[in-house]
Amino acid sequence: MPLLASCSEPENAGAMIHSSDELRVRYSLAGYEQTCYAVTVTQNGKQISGYVLGASHPAVAEFEREARTHIPEPPPPPPPPKAVVPAGEKAELPEGPATFAGLRLVDVKGHRVDLDSIRAPNVVLYFWSPASPRSARDVENLDGVYEQFRRKGVEMVGIALGVGAQRARRAAEQDEAVWPIAADSGAIANQYHVNLDRPYYVLDSQRKVVASLKSSSEIGGALQKLWSRGGSQ
């Protein structure tokens with residue numbers, strides 16, 4: 001089994017993985033012909049990170065078995081105090097969460113997603129409503145954003161509000177999202193004091209909120225501004 005540099009480029013294979021190699025699955029990504037798994041492999045005492053397609057490795061197969069019988073994680077711990085904008089500064093971060101560190105989810109395919117374990121330095125975490133045409137239209141622009149920035153170390157995680165897992169999964173498949181999508185009846189949004197007027201959150205490597213945005217069209221500018229300040233990249 002080849003170890004890939006990315007899920008979308010199966011031709012760019014690095015090391016070959018054998019069934020006897022020690023392998024740890026960090027998370028999975030739906031939307032490809034085969035499910036793509038972010039993994040860390042130990043070979044000759046060295047750890048190598050990358051991606052594999054399909055569940056042919058025993059450790060990946062075990063990950064899938066656990067996911068199918070997995071009981072969703074308990075509600076996330078209480079979030080830290082809301083972000084405070086110093087007096088005189090532009091309120092880029094309105095009242096809302098200061099961090100999503102420690103947030104763990106079960107996506108619509110039953111896969112566990114731990115924000116702290118995602119290898120990418122930056123994560124775009126967004127909340128959206130499949131029942132809202134305006135929200136759904138804005139989410140459609142994320143394909144272009146993801147293609148533009150994923151090679152620079154950006155991953156995405158979506159949380160569909162007010163719908164069950166089946167409807168959220170249908171919406172994700174319709175949008176052909178290749179990143180994890182979870183369903184939320186409102187518990188996560190309420191617990192983290194999510195500002196639904198600015199539902200796109202750019203997170204740094206510590207999963208602290210560095211920007212809270214109104215639209216998907218603002219994500220690129222927020223990432224460029226973060227990197228220009230010497231932030232995660």
# chains A, B, ... in the order shown; residues from 1 in each chain; ligands from 1

call {"tool": "select_by_dssp", "arguments": {"residues": "segment 119-156 of chain A", "states": "strand (DSSP E)", "output": "list in words"}}
result
Asn122, Val123, Val124, Leu125, Tyr126, Phe127, Trp128, Val154, Glu155 and Met156 of chain A

call {"tool": "residues_around", "arguments": {"residues": "Asn122 of chain A", "least_positions_apart": "6", "cutoff": "6 Å", "atoms": "only C-alpha atoms", "output": "PyMOL selection string"}}
result
chain A and resi 154+203-205

call {"tool": "atom_distance", "arguments": {"atom1": "atom CA of Thr35 of chain A", "atom2": "atom CA of Ala165 of chain A"}}
result
18.0 Å

call {"tool": "atom_distance", "arguments": {"atom1": "atom CA of Tyr126 of chain A", "atom2": "atom CA of Arg151 of chain A"}}
result
19.3 Å

call {"tool": "residues_around", "arguments": {"residues": "Ala101 of chain A", "least_positions_apart": "4", "cutoff": "9 Å", "atoms": "only C-alpha atoms", "output": "list in words"}}
result
Pro79, Leu115, Asp116, Gln206, Arg207 and Lys208 of chain A

call {"tool": "write_last_selection", "arguments": {"atoms": "N, CA and C atoms", "output": "PDB file, in the first residue's frame"}}
result
ATOM      1  N   PRO A  79     -16.060  25.617  27.214  1.00  0.00           N
ATOM      2  CA  PRO A  79     -15.022  26.400  26.545  1.00  0.00           C
ATOM      3  C   PRO A  79     -14.435  27.446  27.475  1.00  0.00           C
ATOM      4  N   LEU A 115      -9.797  17.706  16.528  1.00  0.00           N
ATOM      5  CA  LEU A 115      -9.138  18.880  15.955  1.00  0.00           C
ATOM      6  C   LEU A 115      -7.670  18.947  16.354  1.00  0.00           C
ATOM      7  N   ASP A 116      -7.349  18.512  17.571  1.00  0.00           N
ATOM      8  CA  ASP A 116      -5.968  18.592  18.040  1.00  0.00           C
ATOM      9  C   ASP A 116      -5.057  17.606  17.318  1.00  0.00           C
ATOM     10  N   GLN A 206      -2.615  25.782  17.537  1.00  0.00           N
ATOM     11  CA  GLN A 206      -3.097  25.449  18.870  1.00  0.00           C
ATOM     12  C   GLN A 206      -4.628  25.412  18.904  1.00  0.00           C
ATOM     13  N   ARG A 207      -5.229  25.589  17.748  1.00  0.00           N
ATOM     14  CA  ARG A 207      -6.679  25.623  17.556  1.00  0.00           C
ATOM     15  C   ARG A 207      -7.336  26.799  18.268  1.00  0.00           C
ATOM     16  N   LYS A 208      -6.551  27.876  18.419  1.00  0.00           N
ATOM     17  CA  LYS A 208      -7.113  29.131  18.892  1.00  0.00           C
ATOM     18  C   LYS A 208      -7.726  29.865  17.704  1.00  0.00           C
TER      19      LYS A 208
END

call {"tool": "residues_around", "arguments": {"residues": "Gly14 of chain A", "least_positions_apart": "3", "cutoff": "7 Å", "atoms": "only C-alpha atoms", "output": "ChimeraX atom specification"}}
result
/A:2-4

call {"tool": "select_by_dssp", "arguments": {"residues": "segment 170-223 of chain A", "states": "alpha helix (DSSP H)", "output": "list in words"}}
result
Arg170, Ala171, Ala172, Glu173, Gln174, Asp175, Ala187, Ile188, Ala189, Asn190, Gln191, Ile219, Gly220, Gly221, Ala222 and Leu223 of chain A

call {"tool": "write_last_selection", "arguments": {"atoms": "N, CA and C atoms", "output": "compact mmCIF listing (two decimals), in the first residue's frame"}}
result
# COMPACT_ATOMS: atom_id res chain seq x y z
N ARG A 170 -26.26 13.75 3.35
CA ARG A 170 -26.75 14.00 1.99
C ARG A 170 -26.28 15.36 1.48
N ALA A 171 -26.30 16.36 2.37
CA ALA A 171 -25.85 17.69 1.97
C ALA A 171 -24.36 17.68 1.65
N ALA A 172 -23.58 16.95 2.46
CA ALA A 172 -22.13 16.87 2.22
C ALA A 172 -21.84 16.16 0.90
N GLU A 173 -22.59 15.10 0.61
CA GLU A 173 -22.40 14.38 -0.65
C GLU A 173 -22.81 15.24 -1.84
N GLN A 174 -23.87 16.01 -1.68
CA GLN A 174 -24.31 16.89 -2.76
C GLN A 174 -23.26 17.94 -3.06
N ASP A 175 -22.61 18.47 -2.02
CA ASP A 175 -21.56 19.47 -2.20
C ASP A 175 -20.22 18.85 -2.53
N ALA A 187 -25.98 21.78 20.26
CA ALA A 187 -25.23 21.65 21.51
C ALA A 187 -23.84 22.25 21.40
N ILE A 188 -23.14 21.94 20.31
CA ILE A 188 -21.77 22.44 20.17
C ILE A 188 -21.78 23.95 19.97
N ALA A 189 -22.66 24.42 19.08
CA ALA A 189 -22.73 25.86 18.81
C ALA A 189 -23.06 26.64 20.07
N ASN A 190 -23.98 26.12 20.88
CA ASN A 190 -24.35 26.81 22.11
C ASN A 190 -23.23 26.76 23.15
N GLN A 191 -22.60 25.59 23.26
CA GLN A 191 -21.56 25.42 24.27
C GLN A 191 -20.36 26.32 24.00
N ILE A 219 -12.14 33.93 3.78
CA ILE A 219 -11.18 33.00 4.37
C ILE A 219 -9.77 33.22 3.81
N GLY A 220 -9.65 33.35 2.49
CA GLY A 220 -8.34 33.52 1.88
C GLY A 220 -7.61 34.73 2.44
N GLY A 221 -8.29 35.86 2.55
CA GLY A 221 -7.67 37.07 3.09
C GLY A 221 -7.25 36.90 4.53
N ALA A 222 -8.06 36.21 5.32
CA ALA A 222 -7.72 35.99 6.73
C ALA A 222 -6.48 35.11 6.88
N LEU A 223 -6.38 34.07 6.03
CA LEU A 223 -5.20 33.20 6.07
C LEU A 223 -3.94 33.97 5.67

call {"tool": "closest_residue", "arguments": {"among": "A:Ile159, A:Leu142, A:Leu53, A:Val39", "to": "Pro180 of chain A", "atoms": "only C-alpha atoms"}}
result
A:Ile159

call {"tool": "residues_around", "arguments": {"residues": "Ser6 of chain A", "least_positions_apart": "6", "cutoff": "10 Å", "atoms": "only C-alpha atoms", "output": "list of chain:residue names"}}
result
A:Asn12, A:Ala13, A:Cys36, A:Tyr37, A:Ala38, A:Gly50, A:Tyr51, A:Val52, A:Leu53, A:Arg150, A:Arg151

call {"tool": "residues_around", "arguments": {"residues": "Asn195 of chain A", "least_positions_apart": "2", "cutoff": "10 Å", "atoms": "only C-alpha atoms", "output": "PyMOL selection string"}}
result
chain A and resi 94-97+127+189-190+192-193+197-201+212-214

call {"tool": "atom_distance", "arguments": {"atom1": "atom CA of Ser49 of chain A", "atom2": "atom CA of Glu147 of chain A"}}
result
20.5 Å

call {"tool": "closest_residue", "arguments": {"among": "A:Ser129, A:Gln224, A:Gln47, A:Thr40", "to": "Phe149 of chain A", "atoms": "only C-alpha atoms"}}
result
A:Gln224

call {"tool": "closest_residue", "arguments": {"among": "A:Val163, A:Ala98, A:Ala183, A:Val178", "to": "Ala211 of chain A", "atoms": "only C-alpha atoms"}}
result
A:Ala98

call {"tool": "closest_residue", "arguments": {"among": "A:Met156, A:Gln166, A:Gly102, A:Gly110", "to": "Glu66 of chain A", "atoms": "only C-alpha atoms"}}
result
A:Gly110

call {"tool": "closest_residue", "arguments": {"among": "A:Arg26, A:Lys46, A:Arg104, A:Arg167", "to": "Phe63 of chain A", "atoms": "only C-alpha atoms"}}
result
A:Arg26
